[in-house]
Structures are given as structure tokens and as C-alpha cells.
>>> print(open('model.cif').read())   # mmCIF, C-alpha atoms and all ligand atoms
data_model
#
loop_
_atom_site.group_PDB
_atom_site.id
_atom_site.type_symbol
_atom_site.label_atom_id
_atom_site.label_comp_id
_atom_site.auth_asym_id
_atom_site.auth_seq_id
_atom_site.Cartn_x
_atom_site.Cartn_y
_atom_site.Cartn_z
ATOM 1 C CA MET K 1 92.348 127.550 97.899
ATOM 2 C CA THR K 2 90.431 128.122 101.110
ATOM 3 C CA ALA K 3 91.129 131.475 102.687
ATOM 4 C CA HIS K 4 92.436 131.907 106.208
ATOM 5 C CA ILE K 5 89.746 133.781 108.127
ATOM 6 C CA ILE K 6 91.086 136.884 109.842
ATOM 7 C CA ASP K 7 89.538 136.943 113.308
ATOM 8 C CA GLY K 8 88.924 140.630 113.985
ATOM 9 C CA LYS K 9 87.013 139.825 117.137
ATOM 10 C CA ALA K 10 90.045 138.100 118.657
ATOM 11 C CA VAL K 11 92.493 140.824 117.573
ATOM 12 C CA ALA K 12 90.137 143.502 118.936
ATOM 13 C CA ALA K 13 89.852 141.614 122.243
ATOM 14 C CA LYS K 14 93.655 141.497 122.488
ATOM 15 C CA ILE K 15 93.916 145.254 121.835
ATOM 16 C CA ARG K 16 91.222 145.955 124.422
ATOM 17 C CA GLY K 17 93.100 143.837 126.968
ATOM 18 C CA GLU K 18 96.276 145.803 126.240
ATOM 19 C CA GLN K 19 94.432 149.103 126.824
ATOM 20 C CA LYS K 20 93.194 147.808 130.166
ATOM 21 C CA GLU K 21 96.817 147.153 131.179
ATOM 22 C CA ARG K 22 97.979 150.572 129.991
ATOM 23 C CA ILE K 23 95.204 152.230 131.998
ATOM 24 C CA LEU K 24 96.104 150.329 135.176
ATOM 25 C CA ARG K 25 99.749 151.350 134.758
ATOM 26 C CA MET K 26 98.794 155.009 134.185
ATOM 27 C CA GLN K 27 96.514 155.020 137.217
ATOM 28 C CA ALA K 28 99.203 153.474 139.413
ATOM 29 C CA ALA K 29 101.977 155.803 138.222
ATOM 30 C CA HIS K 30 100.092 159.072 137.753
ATOM 31 C CA GLY K 31 96.612 158.686 139.240
ATOM 32 C CA VAL K 32 95.118 159.496 135.825
ATOM 33 C CA THR K 33 92.100 157.736 134.294
ATOM 34 C CA PRO K 34 91.471 158.348 130.565
ATOM 35 C CA GLY K 35 88.223 160.219 129.867
ATOM 36 C CA LEU K 36 86.171 160.127 126.667
ATOM 37 C CA ALA K 37 83.264 162.482 125.979
ATOM 38 C CA VAL K 38 80.671 161.416 123.431
ATOM 39 C CA ILE K 39 78.253 163.978 122.029
ATOM 40 C CA LEU K 40 75.061 162.572 120.529
ATOM 41 C CA VAL K 41 72.707 165.040 118.860
ATOM 42 C CA GLY K 42 69.209 163.760 118.123
ATOM 43 C CA GLU K 43 67.769 160.269 118.205
ATOM 44 C CA ASP K 44 69.039 158.465 115.124
ATOM 45 C CA PRO K 45 68.518 154.784 116.070
ATOM 46 C CA ALA K 46 71.762 153.521 114.502
ATOM 47 C CA SER K 47 73.753 156.294 116.216
ATOM 48 C CA GLN K 48 72.171 155.381 119.551
ATOM 49 C CA VAL K 49 73.348 151.779 119.144
ATOM 50 C CA TYR K 50 76.880 152.848 118.101
ATOM 51 C CA VAL K 51 77.145 155.242 121.045
ATOM 52 C CA ARG K 52 75.882 152.642 123.514
ATOM 53 C CA ASN K 53 78.490 150.169 122.233
ATOM 54 C CA LYS K 54 81.265 152.751 122.584
ATOM 55 C CA ILE K 55 80.235 153.617 126.157
ATOM 56 C CA THR K 56 80.071 149.928 127.122
ATOM 57 C CA ALA K 57 83.499 149.281 125.599
ATOM 58 C CA CYS K 58 84.925 152.213 127.584
ATOM 59 C CA ARG K 59 83.530 150.822 130.827
ATOM 60 C CA GLU K 60 84.994 147.375 130.128
ATOM 61 C CA VAL K 61 88.560 148.677 129.752
ATOM 62 C CA GLY K 62 88.388 151.329 132.467
ATOM 63 C CA ILE K 63 87.956 154.531 130.451
ATOM 64 C CA ARG K 64 85.683 157.071 132.139
ATOM 65 C CA SER K 65 83.066 158.117 129.610
ATOM 66 C CA GLU K 66 80.723 161.061 129.595
ATOM 67 C CA LEU K 67 77.671 160.964 127.327
ATOM 68 C CA ILE K 68 76.273 164.348 126.325
ATOM 69 C CA LYS K 69 72.862 163.980 124.725
ATOM 70 C CA LEU K 70 71.462 166.994 122.926
ATOM 71 C CA PRO K 71 67.999 167.231 121.323
ATOM 72 C CA ALA K 72 67.600 166.968 117.542
ATOM 73 C CA THR K 73 66.679 170.671 117.618
ATOM 74 C CA ALA K 74 69.987 171.735 119.220
ATOM 75 C CA SER K 75 71.604 174.718 117.527
ATOM 76 C CA GLN K 76 75.127 174.739 116.186
ATOM 77 C CA ALA K 77 76.059 177.282 118.871
ATOM 78 C CA GLU K 78 74.921 174.872 121.587
ATOM 79 C CA VAL K 79 77.051 172.055 120.173
ATOM 80 C CA LEU K 80 80.084 174.335 119.833
ATOM 81 C CA LYS K 81 79.636 175.565 123.422
ATOM 82 C CA ARG K 82 79.695 171.974 124.705
ATOM 83 C CA ILE K 83 82.852 171.327 122.709
ATOM 84 C CA ASP K 84 84.471 174.453 124.197
ATOM 85 C CA GLU K 85 83.793 173.101 127.682
ATOM 86 C CA LEU K 86 85.206 169.674 126.840
ATOM 87 C CA ASN K 87 88.275 171.174 125.129
ATOM 88 C CA ALA K 88 89.053 172.986 128.395
ATOM 89 C CA ASP K 89 88.343 169.970 130.652
ATOM 90 C CA LYS K 90 91.641 168.367 131.764
ATOM 91 C CA GLY K 91 89.847 165.145 132.715
ATOM 92 C CA ILE K 92 88.665 164.638 129.134
ATOM 93 C CA HIS K 93 91.282 163.209 126.764
ATOM 94 C CA GLY K 94 89.022 162.331 123.839
ATOM 95 C CA ILE K 95 86.010 164.052 122.275
ATOM 96 C CA LEU K 96 83.781 162.260 119.796
ATOM 97 C CA VAL K 97 80.777 163.793 118.062
ATOM 98 C CA GLN K 98 78.620 161.009 116.685
ATOM 99 C CA LEU K 99 77.704 161.517 113.020
ATOM 100 C CA PRO K 100 75.420 162.217 111.236
ATOM 101 C CA LEU K 101 74.361 165.555 112.721
ATOM 102 C CA PRO K 102 70.967 167.242 112.191
ATOM 103 C CA LYS K 103 70.718 169.578 109.170
ATOM 104 C CA GLN K 104 70.977 172.838 111.133
ATOM 105 C CA VAL K 105 74.409 171.871 112.484
ATOM 106 C CA ASP K 106 77.385 172.208 110.141
ATOM 107 C CA VAL K 107 79.464 169.066 110.511
ATOM 108 C CA HIS K 108 82.688 170.749 109.367
ATOM 109 C CA ALA K 109 82.318 173.622 111.850
ATOM 110 C CA VAL K 110 81.728 171.095 114.634
ATOM 111 C CA LEU K 111 84.632 168.781 113.789
ATOM 112 C CA GLU K 112 87.062 171.678 113.389
ATOM 113 C CA HIS K 113 86.011 173.068 116.773
ATOM 114 C CA ILE K 114 87.348 170.001 118.589
ATOM 115 C CA ASP K 115 90.881 170.442 119.959
ATOM 116 C CA PHE K 116 92.761 168.198 117.526
ATOM 117 C CA HIS K 117 94.806 166.816 120.431
ATOM 118 C CA LYS K 118 91.527 165.317 121.698
ATOM 119 C CA ASP K 119 90.180 164.304 118.271
ATOM 120 C CA VAL K 120 90.274 160.539 118.898
ATOM 121 C CA ASP K 121 88.001 159.905 115.873
ATOM 122 C CA GLY K 122 90.656 161.515 113.643
ATOM 123 C CA PHE K 123 88.057 163.591 111.758
ATOM 124 C CA HIS K 124 89.483 167.100 112.411
ATOM 125 C CA LEU K 125 90.967 168.765 109.312
ATOM 126 C CA TYR K 126 94.391 168.860 111.026
ATOM 127 C CA ASN K 127 94.328 165.121 111.499
ATOM 128 C CA VAL K 128 92.929 164.522 108.023
ATOM 129 C CA GLY K 129 95.671 166.748 106.573
ATOM 130 C CA GLY K 130 98.271 164.999 108.702
ATOM 131 C CA LEU K 131 97.521 161.797 106.829
ATOM 132 C CA ILE K 132 99.070 163.398 103.745
ATOM 133 C CA THR K 133 102.416 163.971 105.451
ATOM 134 C CA GLY K 134 102.293 161.032 107.871
ATOM 135 C CA HIS K 135 102.008 163.378 110.877
ATOM 136 C CA THR K 136 98.466 162.790 111.996
ATOM 137 C CA VAL K 137 97.845 163.046 115.758
ATOM 138 C CA PHE K 138 95.144 160.342 115.653
ATOM 139 C CA PRO K 139 94.479 158.116 112.635
ATOM 140 C CA PRO K 140 90.744 157.486 112.080
ATOM 141 C CA CYS K 141 89.571 154.342 113.850
ATOM 142 C CA THR K 142 88.279 152.110 111.045
ATOM 143 C CA PRO K 143 91.254 152.380 108.659
ATOM 144 C CA TYR K 144 93.549 152.227 111.709
ATOM 145 C CA GLY K 145 91.799 148.982 112.634
ATOM 146 C CA VAL K 146 92.415 147.593 109.137
ATOM 147 C CA GLN K 147 96.091 148.563 109.430
ATOM 148 C CA LYS K 148 96.337 146.747 112.792
ATOM 149 C CA LEU K 149 94.648 143.644 111.341
ATOM 150 C CA LEU K 150 97.184 143.543 108.488
ATOM 151 C CA GLU K 151 100.036 143.994 110.986
ATOM 152 C CA HIS K 152 98.629 141.226 113.148
ATOM 153 C CA GLU K 153 98.540 138.940 110.090
ATOM 154 C CA LYS K 154 102.183 139.923 109.431
ATOM 155 C CA ILE K 155 101.289 141.293 106.007
ATOM 156 C CA ASN K 156 103.808 143.907 104.907
ATOM 157 C CA VAL K 157 102.081 146.136 102.351
ATOM 158 C CA GLU K 158 105.301 147.684 101.000
ATOM 159 C CA GLY K 159 105.317 147.443 97.210
ATOM 160 C CA LEU K 160 102.033 145.514 97.066
ATOM 161 C CA ASN K 161 99.101 146.495 94.869
ATOM 162 C CA VAL K 162 96.314 147.624 97.168
ATOM 163 C CA VAL K 163 92.939 148.479 95.713
ATOM 164 C CA VAL K 164 90.534 150.402 97.950
ATOM 165 C CA VAL K 165 86.906 150.284 96.821
ATOM 166 C CA GLY K 166 85.024 153.252 98.314
ATOM 167 C CA ALA K 167 86.255 156.823 98.675
ATOM 168 C CA SER K 168 84.487 158.068 101.813
ATOM 169 C CA ASN K 169 86.116 160.619 104.122
ATOM 170 C CA ILE K 170 85.788 158.193 107.044
ATOM 171 C CA VAL K 171 87.220 155.033 105.472
ATOM 172 C CA GLY K 172 88.307 154.917 101.809
ATOM 173 C CA LYS K 173 90.311 158.138 101.505
ATOM 174 C CA PRO K 174 92.193 157.887 104.838
ATOM 175 C CA MET K 175 92.783 154.166 104.238
ATOM 176 C CA ALA K 176 94.424 154.912 100.895
ATOM 177 C CA LEU K 177 96.671 157.597 102.418
ATOM 178 C CA MET K 178 97.713 155.353 105.314
ATOM 179 C CA LEU K 179 98.641 152.559 102.905
ATOM 180 C CA MET K 180 100.574 154.975 100.696
ATOM 181 C CA GLN K 181 102.502 156.080 103.776
ATOM 182 C CA GLN K 182 103.593 152.448 104.084
ATOM 183 C CA ASP K 183 104.768 152.364 100.466
ATOM 184 C CA ALA K 184 101.915 150.323 99.019
ATOM 185 C CA THR K 185 100.879 151.010 95.431
ATOM 186 C CA VAL K 186 97.352 152.272 95.974
ATOM 187 C CA CYS K 187 94.398 152.542 93.621
ATOM 188 C CA ILE K 188 91.100 154.053 94.794
ATOM 189 C CA CYS K 189 87.855 152.999 93.117
ATOM 190 C CA HIS K 190 84.420 154.493 93.814
ATOM 191 C CA LYS K 191 80.799 154.735 92.666
ATOM 192 C CA LYS K 192 81.730 156.191 89.284
ATOM 193 C CA THR K 193 84.534 153.734 88.503
ATOM 194 C CA ARG K 194 83.913 151.962 85.208
ATOM 195 C CA ASP K 195 84.621 148.236 85.036
ATOM 196 C CA LEU K 196 85.524 147.784 88.688
ATOM 197 C CA ALA K 197 86.872 144.253 88.065
ATOM 198 C CA GLN K 198 89.580 145.670 85.801
ATOM 199 C CA PHE K 199 91.110 147.210 88.950
ATOM 200 C CA THR K 200 90.167 144.724 91.663
ATOM 201 C CA THR K 201 91.764 141.807 89.800
ATOM 202 C CA LEU K 202 95.142 143.582 90.128
ATOM 203 C CA ALA K 203 94.907 143.750 93.914
ATOM 204 C CA ASP K 204 97.255 141.823 96.192
ATOM 205 C CA ILE K 205 95.198 143.376 98.965
ATOM 206 C CA LEU K 206 91.597 144.406 98.329
ATOM 207 C CA VAL K 207 89.929 146.712 100.877
ATOM 208 C CA VAL K 208 86.208 147.155 100.271
ATOM 209 C CA ALA K 209 84.187 149.900 101.941
ATOM 210 C CA ALA K 210 81.396 150.661 99.492
ATOM 211 C CA GLY K 211 78.242 149.768 101.437
ATOM 212 C CA VAL K 212 76.947 147.525 98.640
ATOM 213 C CA PRO K 213 76.167 143.919 99.617
ATOM 214 C CA GLY K 214 77.696 141.329 97.268
ATOM 215 C CA LEU K 215 79.613 143.974 95.277
ATOM 216 C CA ILE K 216 82.781 141.868 95.115
ATOM 217 C CA GLN K 217 82.308 138.517 93.376
ATOM 218 C CA PRO K 218 84.963 135.767 93.045
ATOM 219 C CA GLN K 219 85.813 136.571 89.423
ATOM 220 C CA MET K 220 86.824 140.093 90.532
ATOM 221 C CA VAL K 221 89.518 138.774 92.894
ATOM 222 C CA LYS K 222 93.066 137.698 92.066
ATOM 223 C CA PRO K 223 93.829 134.167 93.319
ATOM 224 C CA GLY K 224 95.627 134.392 96.674
ATOM 225 C CA ALA K 225 94.640 138.014 97.387
ATOM 226 C CA VAL K 226 93.990 139.283 100.918
ATOM 227 C CA VAL K 227 90.431 140.623 101.111
ATOM 228 C CA ILE K 228 89.375 143.087 103.814
ATOM 229 C CA ASP K 229 85.625 143.707 103.942
ATOM 230 C CA VAL K 230 84.694 146.928 105.742
ATOM 231 C CA GLY K 231 81.042 146.832 104.643
ATOM 232 C CA ILE K 232 78.248 146.305 107.162
ATOM 233 C CA ASN K 233 74.877 145.887 105.428
ATOM 234 C CA ARG K 234 71.580 144.651 106.822
ATOM 235 C CA LEU K 235 69.634 142.548 104.299
ATOM 236 C CA PRO K 236 65.805 142.586 104.169
ATOM 237 C CA ASP K 237 65.802 139.187 105.963
ATOM 238 C CA GLY K 238 67.747 140.770 108.839
ATOM 239 C CA ARG K 239 71.132 139.161 108.103
ATOM 240 C CA ILE K 240 74.236 141.330 108.415
ATOM 241 C CA VAL K 241 76.623 140.961 105.471
ATOM 242 C CA GLY K 242 79.634 142.800 104.093
ATOM 243 C CA ASP K 243 80.333 144.058 100.565
ATOM 244 C CA VAL K 244 82.093 140.837 99.564
ATOM 245 C CA ASP K 245 80.484 137.545 98.511
ATOM 246 C CA PHE K 246 82.174 135.767 101.417
ATOM 247 C CA GLU K 247 81.183 132.249 100.374
ATOM 248 C CA GLY K 248 82.599 132.566 96.844
ATOM 249 C CA VAL K 249 85.577 134.832 97.511
ATOM 250 C CA SER K 250 86.848 132.765 100.467
ATOM 251 C CA LYS K 251 87.503 129.944 97.973
ATOM 252 C CA LYS K 252 89.826 132.205 95.990
ATOM 253 C CA ALA K 253 91.517 134.559 98.468
ATOM 254 C CA SER K 254 94.408 133.585 100.749
ATOM 255 C CA ALA K 255 92.903 135.500 103.682
ATOM 256 C CA ILE K 256 89.587 137.261 104.265
ATOM 257 C CA THR K 257 87.764 139.142 107.025
ATOM 258 C CA PRO K 258 84.262 137.914 107.890
ATOM 259 C CA VAL K 259 81.246 140.169 108.496
ATOM 260 C CA PRO K 260 80.382 140.320 111.310
ATOM 261 C CA GLY K 261 83.542 139.656 113.320
ATOM 262 C CA GLY K 262 86.164 141.181 111.024
ATOM 263 C CA VAL K 263 86.830 144.908 110.779
ATOM 264 C CA GLY K 264 83.752 145.938 112.829
ATOM 265 C CA PRO K 265 85.146 145.097 116.295
ATOM 266 C CA MET K 266 88.432 146.804 115.395
ATOM 267 C CA THR K 267 86.830 150.254 115.034
ATOM 268 C CA ILE K 268 85.861 150.487 118.704
ATOM 269 C CA ALA K 269 89.141 148.869 119.806
ATOM 270 C CA MET K 270 91.055 151.629 118.008
ATOM 271 C CA LEU K 271 88.827 154.325 119.536
ATOM 272 C CA LEU K 272 89.823 152.987 122.960
ATOM 273 C CA PHE K 273 93.453 152.845 121.804
ATOM 274 C CA ASN K 274 93.410 156.490 120.628
ATOM 275 C CA THR K 275 91.782 157.617 123.886
ATOM 276 C CA VAL K 276 94.394 155.850 126.033
ATOM 277 C CA GLU K 277 97.124 157.231 123.765
ATOM 278 C CA SER K 278 95.759 160.753 124.288
ATOM 279 C CA ALA K 279 95.703 160.317 128.073
ATOM 280 C CA GLU K 280 99.294 159.009 128.065
ATOM 281 C CA ARG K 281 100.400 162.010 126.007
ATOM 282 C CA SER K 282 98.712 164.403 128.451
ATOM 283 C CA VAL K 283 100.573 162.731 131.318
ATOM 284 C CA ALA K 284 103.884 162.932 129.440
ATOM 285 C CA ALA K 285 103.286 166.625 128.741
HETATM 286 N N1 LIG K 301 79.089 157.633 112.392
HETATM 287 C C1 LIG K 301 79.354 156.510 111.704
HETATM 288 N N2 LIG K 301 80.597 156.077 111.963
HETATM 289 C C2 LIG K 301 81.134 156.951 112.832
HETATM 290 C C3 LIG K 301 82.390 157.040 113.483
HETATM 291 O O1 LIG K 301 83.305 156.217 113.317
HETATM 292 N N3 LIG K 301 82.554 158.096 114.314
HETATM 293 C C4 LIG K 301 81.579 159.012 114.510
HETATM 294 N N4 LIG K 301 81.845 160.029 115.326
HETATM 295 N N5 LIG K 301 80.415 158.970 113.925
HETATM 296 C C5 LIG K 301 80.195 157.932 113.090
#
>>> encode(input="model.cif", output="C-alpha cells", more="lines below")
Ligand code: GUN
Amino acid sequence: MTAHIIDGKAVAAKIRGEQKERILRMQAAHGVTPGLAVILVGEDPASQVYVRNKITACREVGIRSELIKLPATASQAEVLKRIDELNADKGIHGILVQLPLPKQVDVHAVLEHIDFHKDVDGFHLYNVGGLITGHTVFPPCTPYGVQKLLEHEKINVEGLNVVVVGASNIVGKPMALMLMQQDATVCICHKKTRDLAQFTTLADILVVAAGVPGLIQPQMVKPGAVVIDVGINRLPDGRIVGDVDFEGVSKKASAITPVPGGVGPMTIAMLLFNTVESAERSVAA
């Protein structure tokens, strides 16, 4: 079997195009342009790249973005004060605090300070808790992107065995809850799981977000499974690879996401989606 390659770049481009249309309609009908504020504390090089990509993506679809750069020495009080201002700003529909934060700033205090109606990253405790009951205001962007990819591929997860490898707050845990909400049978594996293959071989859909290059080898995959690789790892030779041995596993799976060009582009597309959604809700209110 040779797997169908799920083209995340194309699906993300389609979603971005749809957001552009929604924004034009909102501007014409209500004179409202969605606004996203991004807070970047410090100079972490990876964070700088992520933030730049988010700002560029906003510009391309017509979202007004505001970048608030604070020094690495910024106090927690300073960050919270900025969030207060953005919470009160009617022109701002989404607030994103880029993680990680410097040591002196408590990430939980910061995330919980964001008005959850503007929490387009879906990291506020209210939104995290809402995943349990299926009443989240904004699902987090990466698992939301995986969900959209599966929908685009017309894969109905109901009743299927889904194994999620990785139990992070940003990807693995919310992913598992979102799949459960859709009546999948979900198993979560993580760093301490013994004999990972024992679980992964049961998966009709395997979602891998462990941050370990080459973690998933062909013998760990059920023939015909759908494999979603959320990993983004830079090898010493500079190549970017996922957590799945793409070469080997694509001979066994029925469908697979590549890295790059799979889940990665979906994360930003869903951030744009959540921001436009938030602006539409503010207009409706
Ligand atoms: N750092 C790494 N990934 C993310 C993300 O999706 N959102 C934010 N805010 N910070 C991150």
C-alpha cells in the first residue's frame, strides 16, 4: 500500500481564503476588521519566527494585528497590565501570548488573565475545561487543525480506535478530548508508556505529537491506518522531520501527513479562523 499524502498546505490555503472572504463580508456589512494582539516577551529565536509568521498570515487575510514586544526582564505585573488593556479594547478580538515566557512570569496567571472570549489560542482554563464538556469557546489551534484535516479527508472518527502519542497541554491532551467528543475510542500514550507499539498497532488513526524524530516505525502501524504527524524536529543536518518515519510508514498507512506541509500550516490557519470567529461573535453580540 502507498499512502495518500494529506496536503495540509493546500487545506490551510483554502481555510485562509475562506477567512479572507468572511472578513470582506464583515467589513462590508458592519465596518468591522478583526484585530489580533500578539504579546511576545523576550527574544527567544523560535518564538520570534513563530510570531513573525503569525503576523504575516494576519496581513495576508486582512486581520489587523498588533505586536506588543516586552523585554525578557518584564515583570508579571507589566504583562498582566497589557492584557488588561487588550481585554478592554473593542478593536481587539483575539489575544495571544507567545509561549514560553521568562521564568519570573507565571504562565498560568497570564493565560487566565486573558478574557476567555478573546482567547483565540484556546489556552485559558475556561477553554481547556470546556473541552471536557464540549463547550469550549475556542479549541486550541493545532488539534483543531488536525480535526479540520480529518474532516477534509472525510474521515469520520466515530467508533474508530484513535491513539494519541504525546500528552502535552497544547496538543496531546486537547486532541484526545476533542476526538472523544466525536465518539472516537481514544488512547493516550506518553513518555512513560511501556511498549508503545502494543498501543499504536491498534490505531485506526494514529496522531503523534511527541517531539521525537523517527519515533514511529512501520512495524508500529496497523496496515491501512491514517497517520497524523504533529512533530516538527530539526535534525543536526538542518532537515525538518516529524515524529514518524515517513518513508517507511507511508508504505503501510492508507493516508499520512508530511512534515513539513502537513499539520504545521493548519495551526496558523486555525488561529486566523478563531480570530475571525471572535470578531463575528462580537458583531453578532
Ligand atoms: N509556543 C509554541 N506553540 C505555541 C502556540 O501555539 N501558541 C502560543 N501562544 N505559544 C506557542
>>> residues_near_ligand(input="model.cif", ligand="ligand LIG 301 (chain K)", cutoff="7 Å", atoms="all atoms listed in the file", output="ChimeraX atom specification")
/K:47,96-100,121,141-142
>>> resolve_selection(input="model.cif", expression="the PyMOL selection byres (((chain K and resi 225) around 9) and not hetatm)", output="ChimeraX atom specification")
/K:201,203-206,221-224,226-227,252-256
>>> residues_around(input="model.cif", residues="Asn274 of chain K", least_positions_apart="5", cutoff="10 Å", atoms="only C-alpha atoms", output="PyMOL selection string")
chain K and resi 19+93-94+118-122+137-141+144+268-269+279-280
>>> write_last_selection(input="model.cif", atoms="C-alpha atoms", output="mmCIF file, in the coordinates of the input")
data_model
loop_
_atom_site.group_PDB
_atom_site.id
_atom_site.type_symbol
_atom_site.label_atom_id
_atom_site.label_comp_id
_atom_site.auth_asym_id
_atom_site.auth_seq_id
_atom_site.Cartn_x
_atom_site.Cartn_y
_atom_site.Cartn_z
ATOM 1 C CA GLN K 19 94.432 149.103 126.824
ATOM 2 C CA HIS K 93 91.282 163.209 126.764
ATOM 3 C CA GLY K 94 89.022 162.331 123.839
ATOM 4 C CA LYS K 118 91.527 165.317 121.698
ATOM 5 C CA ASP K 119 90.180 164.304 118.271
ATOM 6 C CA VAL K 120 90.274 160.539 118.898
ATOM 7 C CA ASP K 121 88.001 159.905 115.873
ATOM 8 C CA GLY K 122 90.656 161.515 113.643
ATOM 9 C CA VAL K 137 97.845 163.046 115.758
ATOM 10 C CA PHE K 138 95.144 160.342 115.653
ATOM 11 C CA PRO K 139 94.479 158.116 112.635
ATOM 12 C CA PRO K 140 90.744 157.486 112.080
ATOM 13 C CA CYS K 141 89.571 154.342 113.850
ATOM 14 C CA TYR K 144 93.549 152.227 111.709
ATOM 15 C CA ILE K 268 85.861 150.487 118.704
ATOM 16 C CA ALA K 269 89.141 148.869 119.806
ATOM 17 C CA ALA K 279 95.703 160.317 128.073
ATOM 18 C CA GLU K 280 99.294 159.009 128.065
#
>>> resolve_selection(input="model.cif", expression="the PyMOL selection byres (((chain K and resi 16) around 12) and not hetatm)", output="ChimeraX atom specification")
/K:8-15,17-23,57-63,265-276
>>> closest_residue(input="model.cif", among="K:Pro213, K:Met220, K:Ala167, K:Met178", to="Arg239 of chain K", atoms="only C-alpha atoms")
K:Pro213
>>> residues_around(input="model.cif", residues="Leu67 of chain K", least_positions_apart="6", cutoff="9 Å", atoms="only C-alpha atoms", output="list in words")
Leu36, Ala37, Val38, Ile39, Leu40, Val51 and Ile55 of chain K
>>> atom_distance(input="model.cif", atom1="atom CA of Pro258 of chain K", atom2="atom CA of Ile6 of chain K")
7.2 Å
>>> resolve_selection(input="model.cif", expression="the PyMOL selection byres (((chain K and resi 198) around 12) and not hetatm)", output="VMD selection string")
chain K and resid 163 187 189 193 to 197 199 to 203 219 to 222
>>> atom_distance(input="model.cif", atom1="atom CA of Glu85 of chain K", atom2="atom CA of Glu43 of chain K")
22.6 Å
>>> residues_around(input="model.cif", residues="segment 70-83 of chain K", least_positions_apart="3", cutoff="10 Å", atoms="only C-alpha atoms", output="PyMOL selection string")
chain K and resi 37+39-44+67+86-89+95-97+101-107+109-115
>>> write_last_selection(input="model.cif", atoms="C-alpha atoms", output="mmCIF file, in the coordinates of the input")
data_model
loop_
_atom_site.group_PDB
_atom_site.id
_atom_site.type_symbol
_atom_site.label_atom_id
_atom_site.label_comp_id
_atom_site.auth_asym_id
_atom_site.auth_seq_id
_atom_site.Cartn_x
_atom_site.Cartn_y
_atom_site.Cartn_z
ATOM 1 C CA ALA K 37 83.264 162.482 125.979
ATOM 2 C CA ILE K 39 78.253 163.978 122.029
ATOM 3 C CA LEU K 40 75.061 162.572 120.529
ATOM 4 C CA VAL K 41 72.707 165.040 118.860
ATOM 5 C CA GLY K 42 69.209 163.760 118.123
ATOM 6 C CA GLU K 43 67.769 160.269 118.205
ATOM 7 C CA ASP K 44 69.039 158.465 115.124
ATOM 8 C CA LEU K 67 77.671 160.964 127.327
ATOM 9 C CA LEU K 86 85.206 169.674 126.840
ATOM 10 C CA ASN K 87 88.275 171.174 125.129
ATOM 11 C CA ALA K 88 89.053 172.986 128.395
ATOM 12 C CA ASP K 89 88.343 169.970 130.652
ATOM 13 C CA ILE K 95 86.010 164.052 122.275
ATOM 14 C CA LEU K 96 83.781 162.260 119.796
ATOM 15 C CA VAL K 97 80.777 163.793 118.062
ATOM 16 C CA LEU K 101 74.361 165.555 112.721
ATOM 17 C CA PRO K 102 70.967 167.242 112.191
ATOM 18 C CA LYS K 103 70.718 169.578 109.170
ATOM 19 C CA GLN K 104 70.977 172.838 111.133
ATOM 20 C CA VAL K 105 74.409 171.871 112.484
ATOM 21 C CA ASP K 106 77.385 172.208 110.141
ATOM 22 C CA VAL K 107 79.464 169.066 110.511
ATOM 23 C CA ALA K 109 82.318 173.622 111.850
ATOM 24 C CA VAL K 110 81.728 171.095 114.634
ATOM 25 C CA LEU K 111 84.632 168.781 113.789
ATOM 26 C CA GLU K 112 87.062 171.678 113.389
ATOM 27 C CA HIS K 113 86.011 173.068 116.773
ATOM 28 C CA ILE K 114 87.348 170.001 118.589
ATOM 29 C CA ASP K 115 90.881 170.442 119.959
#
>>> atom_distance(input="model.cif", atom1="atom CA of Val263 of chain K", atom2="atom CA of Leu131 of chain K")
20.4 Å
>>> residues_near_point(input="model.cif", point="(101.7, 152.4, 100.6)", cutoff="9 Å", atoms="all atoms listed in the file", output="ChimeraX atom specification")
/K:157-162,176-186
>>> residues_around(input="model.cif", residues="Leu235 of chain K", least_positions_apart="4", cutoff="12 Å", atoms="only C-alpha atoms", output="VMD selection string")
chain K and resid 211 to 214 239 to 243
>>> axis_aligned_box(input="model.cif", around="segment 8-19 of chain K", padding_each_side="8 Å", output="lines of an AutoDock Vina configuration file")
center_x = 91.6
center_y = 143.6
center_z = 120.5
size_x = 25.3
size_y = 27.0
size_z = 29.0
>>> closest_residue(input="model.cif", among="K:Asp229, K:Gly130, K:Asn53, K:Val244", to="Val171 of chain K", atoms="all atoms listed in the file")
K:Asp229
>>> closest_residue(input="model.cif", among="K:Thr136, K:Asn169, K:Asn156, K:Gln27", to="Val283 of chain K", atoms="only C-alpha atoms")
K:Gln27
